[in-house]
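Below you'll find the structure, written out as structure tokens, and then a few comments.
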Amino acid sequence: MAKHRTTQEVNAGSMADIAFLLLIFFLVTASIETDSGLNRMLPQKNQEAVADIKERNLFEISINNADEIMANREVIQLEVLRKGVTEFIDNGGSNCEYCLGNGTDELSEHPGKAIISIKTERNTSYPVYVSVQNEILGAYNHLRDRESLRLFGVPLEEMELEYYKEETNEERKQLLKEHIEVIREMYPQKILEPETVKN
Amino acid sequence: MIKFNSFRSVNRNLPAISTASLPDIVFILLFFFMTVTTIKEQNLMVENTLPKATETEKLDKRDRIIEIFVGNSTNTHQSMMGSGTRIQMNNRFVAIEEVGDYALQALYQMPEHLRKVATVSIKADVAVKMGIIEDLKKELRLVNLLKINYTTFEGNVFDNQMRVD
């Protein structure tokens with residue numbers, strides 16, 4: 001009875017079908033999330049109007065119903081906005097030893113005093129508003145990165161990434177936090193958004 | 001001639017190609033999709049093409065995010081809601097005055113320690129006007145949800161400027 005029998009191979013053809021069904025189910029129910037964007041903080045609800053801003057410390061950006069952008073009383077294109085904002089913040093009028101601007105009288109005295117205001121109208125389109133926000137953030141990020149590279153040798157973003165990582169130990173985190181705060185203190189983001197009147 | 005014949009007979013007996021590795025390949029695909037995607041939590045009832053931006057930050061911790069969709073209602077939902085810009089939260093249309101209530105509801109469903117880091121992700125369509133966004137921001141300020149995120153696609157902002165009207 002020692003007859004050698006070759007074992008029958010199991011037909012695995014339907015396995016592929018099952019796997020395909022599962023795959024299609026996941027393709028239908030799942031989506032790749034778009035999960036990145038511009039972070040902003042809204043002001044507190046009971047904040048009083050800021051008094052006494054010198055005109056040179058205020059960079060006014062308005063976007064009208066036709067999506068035209070006006071910055072400091074001049075109609076400009078979006079492409080030059082970032083440069084304008086950078087020059088305004090980094091002007092270094094009085095006692096800013098790390099600023100690289102020329103220190104003209106029209107632009108901000110100090111990055112800490114520089115305030116940017118964005119005015120929109122009710123029919124301004126949202127993408128243009130996002131673009132303007134993006135350009136302002138871009139200007140700040142550029143300046144912060146520059147100082148971060150100069151003082152600590154790494155861009156700010158890298159420090160932030162390391163700070164939020166789970167495996168970074170407490171001591172390192174403390175140090176990074178201090179560094180990040182130094183940079184943020186050098187170029188604080190002050191962006192105002194006055195409410196518009198109905199039109 | 002004989003040689004040729006014998007060659008043909010060998011050819012005829014070729015075994016079927018094994019398809020055993022096919023399921024493996026499909027499973028690899030399946031696992032790939034399972035890891036890179038998330039299950040849809042909401043059915044989109046509004047148009048939602050996000051604008052583009054470059055200076056973005058990732059919103060990878062999904063547990064602390066309150067999503068608000070803004071856009072024109074899609075064709076299938078126009079019959080009952082009419083056209084025009086709508087706000088969608090948690091699979092339903094929400095009037096602008098109710099946004100605060102619904103946002104607070106979503107906030108209190110979160111675990112305690114996440115509430116102070118909760119972020120509102122505004123997912124607004126490219127065709128949306130600033131009026132509704134401002135109303136939305138005002139409502140969020142009233143309920144003290146101040147951390148917001150204008151959710152965007154990654155891309156050059158200069159592509160945004162084309163007006164859609």
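A note on labels: chains of the structure tokens are A, B, ... as shown, every chain counts residues from 1, and ligands are counted from 1 in their shown order.
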Extract the full set of helix (DSSP H, G or I) residues from stretch 61-97 of chain B according to DSSP on the backbone, and format it as a compact mmCIF listing (two decimals) with N, CA, C and O atoms, in the first residue's frame.
```txt
# COMPACT_ATOMS: atom_id res chain seq x y z
N ARG B 62 -5.44 63.36 12.71
CA ARG B 62 -6.84 63.51 12.32
C ARG B 62 -7.78 63.66 13.51
O ARG B 62 -8.90 64.09 13.36
N ASP B 63 -7.34 63.26 14.70
CA ASP B 63 -8.27 63.20 15.82
C ASP B 63 -8.61 64.57 16.39
O ASP B 63 -9.51 64.70 17.20
N ARG B 64 -7.89 65.60 16.00
CA ARG B 64 -8.14 66.92 16.59
C ARG B 64 -8.64 67.92 15.56
O ARG B 64 -8.48 69.10 15.71
N ASN B 75 -24.64 68.75 -8.06
CA ASN B 75 -25.87 68.59 -8.84
C ASN B 75 -26.91 67.71 -8.17
O ASN B 75 -28.10 68.02 -8.17
N THR B 76 -26.45 66.61 -7.57
CA THR B 76 -27.42 65.68 -6.98
C THR B 76 -28.15 66.29 -5.80
O THR B 76 -29.25 65.88 -5.46
N HIS B 77 -27.53 67.26 -5.15
CA HIS B 77 -28.17 67.84 -3.98
C HIS B 77 -28.86 69.16 -4.27
O HIS B 77 -29.47 69.74 -3.40
N GLN B 78 -28.72 69.62 -5.51
CA GLN B 78 -29.33 70.90 -5.83
C GLN B 78 -30.84 70.84 -5.82
O GLN B 78 -31.51 71.81 -5.48
N SER B 79 -31.39 69.66 -6.15
CA SER B 79 -32.84 69.56 -6.25
C SER B 79 -33.51 69.87 -4.92
O SER B 79 -34.55 70.49 -4.86
N MET B 80 -32.87 69.44 -3.82
CA MET B 80 -33.54 69.68 -2.55
C MET B 80 -33.04 70.93 -1.84
O MET B 80 -33.75 71.52 -1.04
N MET B 81 -31.83 71.35 -2.14
CA MET B 81 -31.31 72.51 -1.42
C MET B 81 -31.19 73.76 -2.29
O MET B 81 -30.97 74.84 -1.77
N ILE B 96 -25.38 79.17 8.30
CA ILE B 96 -24.21 79.85 8.85
C ILE B 96 -24.35 80.10 10.35
O ILE B 96 -23.40 80.02 11.11
N GLU B 97 -25.59 80.34 10.82
CA GLU B 97 -25.77 80.63 12.25
C GLU B 97 -25.56 79.37 13.10
O GLU B 97 -25.33 79.47 14.30
```
- Pull out every residue of chain A sitting within 9 Å of chain B, counting only C-alpha atoms, and send them as a ChimeraX atom specification. /A:11-20,22-24,26-27,29-45,67,78-79,120-132,134-135,137-138,141,195-196,198
Atoms to include: C-alpha atoms. Write the selected residues as a tab-separated table (two decimals), in the first residue's frame.
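Dumped everything to result34.tsv:
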```tsv
chain	number	residue	atom	x	y	z
A	11	ASN	CA	-6.58	25.72	-7.16
A	12	ALA	CA	-5.71	29.21	-6.07
A	13	GLY	CA	-7.47	30.94	-8.95
A	14	SER	CA	-10.34	32.23	-6.85
A	15	MET	CA	-7.96	33.71	-4.31
A	16	ALA	CA	-7.07	36.41	-6.80
A	17	ASP	CA	-10.76	37.16	-7.31
A	18	ILE	CA	-11.30	37.54	-3.59
A	19	ALA	CA	-8.30	39.81	-3.28
A	20	PHE	CA	-9.53	41.89	-6.17
A	22	LEU	CA	-11.27	43.50	-1.35
A	23	LEU	CA	-9.07	45.86	-3.33
A	24	ILE	CA	-12.02	47.33	-5.19
A	26	PHE	CA	-11.07	49.77	-0.51
A	27	LEU	CA	-10.69	51.83	-3.64
A	29	THR	CA	-14.59	53.56	0.30
A	30	ALA	CA	-11.20	55.14	0.87
A	31	SER	CA	-9.79	58.42	-0.25
A	32	ILE	CA	-6.38	59.97	-0.08
A	33	GLU	CA	-6.93	62.88	2.25
A	34	THR	CA	-5.65	66.30	1.37
A	35	ASP	CA	-4.41	67.26	4.75
A	36	SER	CA	-2.18	70.23	4.54
A	37	GLY	CA	-2.91	73.90	4.63
A	38	LEU	CA	-2.17	77.33	5.98
A	39	ASN	CA	-2.49	77.59	9.74
A	40	ARG	CA	-3.83	80.85	11.12
A	41	MET	CA	-5.00	82.05	14.49
A	42	LEU	CA	-8.15	84.13	14.70
A	43	PRO	CA	-8.15	87.06	17.11
A	44	GLN	CA	-10.03	86.81	20.41
A	45	LYS	CA	-13.63	87.86	20.12
A	67	ASP	CA	-9.62	90.44	-7.21
A	78	LEU	CA	0.60	88.88	-6.76
A	79	GLU	CA	4.05	87.97	-8.08
A	120	THR	CA	-11.14	91.80	1.63
A	121	GLU	CA	-14.55	92.54	0.22
A	122	ARG	CA	-17.47	90.16	0.24
A	123	ASN	CA	-17.07	89.27	-3.40
A	124	THR	CA	-13.34	88.75	-3.32
A	125	SER	CA	-12.66	85.21	-4.39
A	126	TYR	CA	-11.27	82.83	-1.82
A	127	PRO	CA	-8.31	81.47	-3.86
A	128	VAL	CA	-6.89	84.97	-4.23
A	129	TYR	CA	-7.19	85.50	-0.48
A	130	VAL	CA	-5.41	82.20	0.13
A	131	SER	CA	-2.69	83.22	-2.32
A	132	VAL	CA	-2.13	86.49	-0.48
A	134	ASN	CA	0.45	82.24	1.34
A	135	GLU	CA	2.74	84.99	0.08
A	137	LEU	CA	3.55	83.44	5.25
A	138	GLY	CA	6.16	82.77	2.60
A	141	ASN	CA	9.11	81.79	6.59
A	195	GLU	CA	-13.92	93.24	9.30
A	196	THR	CA	-15.45	94.52	6.13
A	198	LYS	CA	-21.43	94.74	3.88
```
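With atom CA of B:Arg86 on one side and atom CA of A:Asn65 on the other, the separation reads 20.2 Å.
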- Item | Coordinates-based distance that separates atom CA of A:Arg184 from atom CA of A:Asn57 (Å, one decimal) |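 These atoms are spaced 18.3 Å apart.
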- Message: Could you check the closest approach to A:Gln133 for each of A:Thr7, A:Asn169, A:Ser117, A:Ser94 and tell me which residue wins, using only C-alpha atoms?
- Response: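 Under the stated criterion, the closest residue is A:Ser117.
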- Interatomic distance (Å, one decimal) between atom CA of B:Thr74 and atom CA of B:Tyr102: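 A separation of 21.7 Å between them.
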- Query: Which neighbours of stretch 99-106 of chain A fall inside 12 Å, counting only C-alpha atoms, when residues of the same chain fewer than 6 positions from it are skipped, and could you give them as JSON, numbers by chain?
  - Reply: {"A": [54, 55, 56, 57, 58, 59, 72, 83, 84, 85, 86, 87, 88, 89, 90, 91, 92, 93, 112, 114, 143, 144, 146, 147, 186, 187]}
- Item | Residue contacts of B:Leu107 (9 Å, only C-alpha atoms) excluding same-chain residues fewer than 4 positions away, as number ranges by chain | B: 64-66, 102-103, 111, 114-115, 118
Let me see the file: selected residues, N, CA and C atoms, as a PDB file, in the first residue's frame.
```pdb
ATOM      1  N   ARG B  64      -7.889  65.604  16.004  1.00  0.00           N
ATOM      2  CA  ARG B  64      -8.145  66.921  16.591  1.00  0.00           C
ATOM      3  C   ARG B  64      -8.643  67.920  15.560  1.00  0.00           C
ATOM      4  N   ILE B  65      -9.220  67.403  14.507  1.00  0.00           N
ATOM      5  CA  ILE B  65      -9.604  68.282  13.414  1.00  0.00           C
ATOM      6  C   ILE B  65     -11.114  68.322  13.235  1.00  0.00           C
ATOM      7  N   ILE B  66     -11.632  69.510  13.136  1.00  0.00           N
ATOM      8  CA  ILE B  66     -13.039  69.697  12.812  1.00  0.00           C
ATOM      9  C   ILE B  66     -13.093  70.193  11.376  1.00  0.00           C
ATOM     10  N   TYR B 102     -22.607  73.384  15.864  1.00  0.00           N
ATOM     11  CA  TYR B 102     -22.105  72.104  15.371  1.00  0.00           C
ATOM     12  C   TYR B 102     -20.616  71.945  15.678  1.00  0.00           C
ATOM     13  N   ALA B 103     -19.880  73.057  15.589  1.00  0.00           N
ATOM     14  CA  ALA B 103     -18.445  72.984  15.876  1.00  0.00           C
ATOM     15  C   ALA B 103     -18.232  72.620  17.344  1.00  0.00           C
ATOM     16  N   PRO B 111     -11.691  63.748  22.918  1.00  0.00           N
ATOM     17  CA  PRO B 111     -11.185  63.550  24.270  1.00  0.00           C
ATOM     18  C   PRO B 111     -10.690  64.870  24.867  1.00  0.00           C
ATOM     19  N   LEU B 114      -7.464  66.851  23.959  1.00  0.00           N
ATOM     20  CA  LEU B 114      -7.274  67.342  22.598  1.00  0.00           C
ATOM     21  C   LEU B 114      -8.027  68.639  22.345  1.00  0.00           C
ATOM     22  N   ARG B 115      -8.938  68.985  23.269  1.00  0.00           N
ATOM     23  CA  ARG B 115      -9.828  70.109  22.971  1.00  0.00           C
ATOM     24  C   ARG B 115      -9.093  71.417  22.800  1.00  0.00           C
ATOM     25  N   ALA B 118      -7.562  71.667  19.299  1.00  0.00           N
ATOM     26  CA  ALA B 118      -8.448  71.390  18.160  1.00  0.00           C
ATOM     27  C   ALA B 118      -8.255  72.449  17.072  1.00  0.00           C
TER      28      ALA B 118
END
```
- Run DSSP on the backbone of this structure and report the residues of stretch 28-140 of chain A it assigns to strand (DSSP E or B), as an NGL selection string. :A and (30-31 or 36-41 or 58-63 or 69-71 or 74-76 or 115-120 or 125)
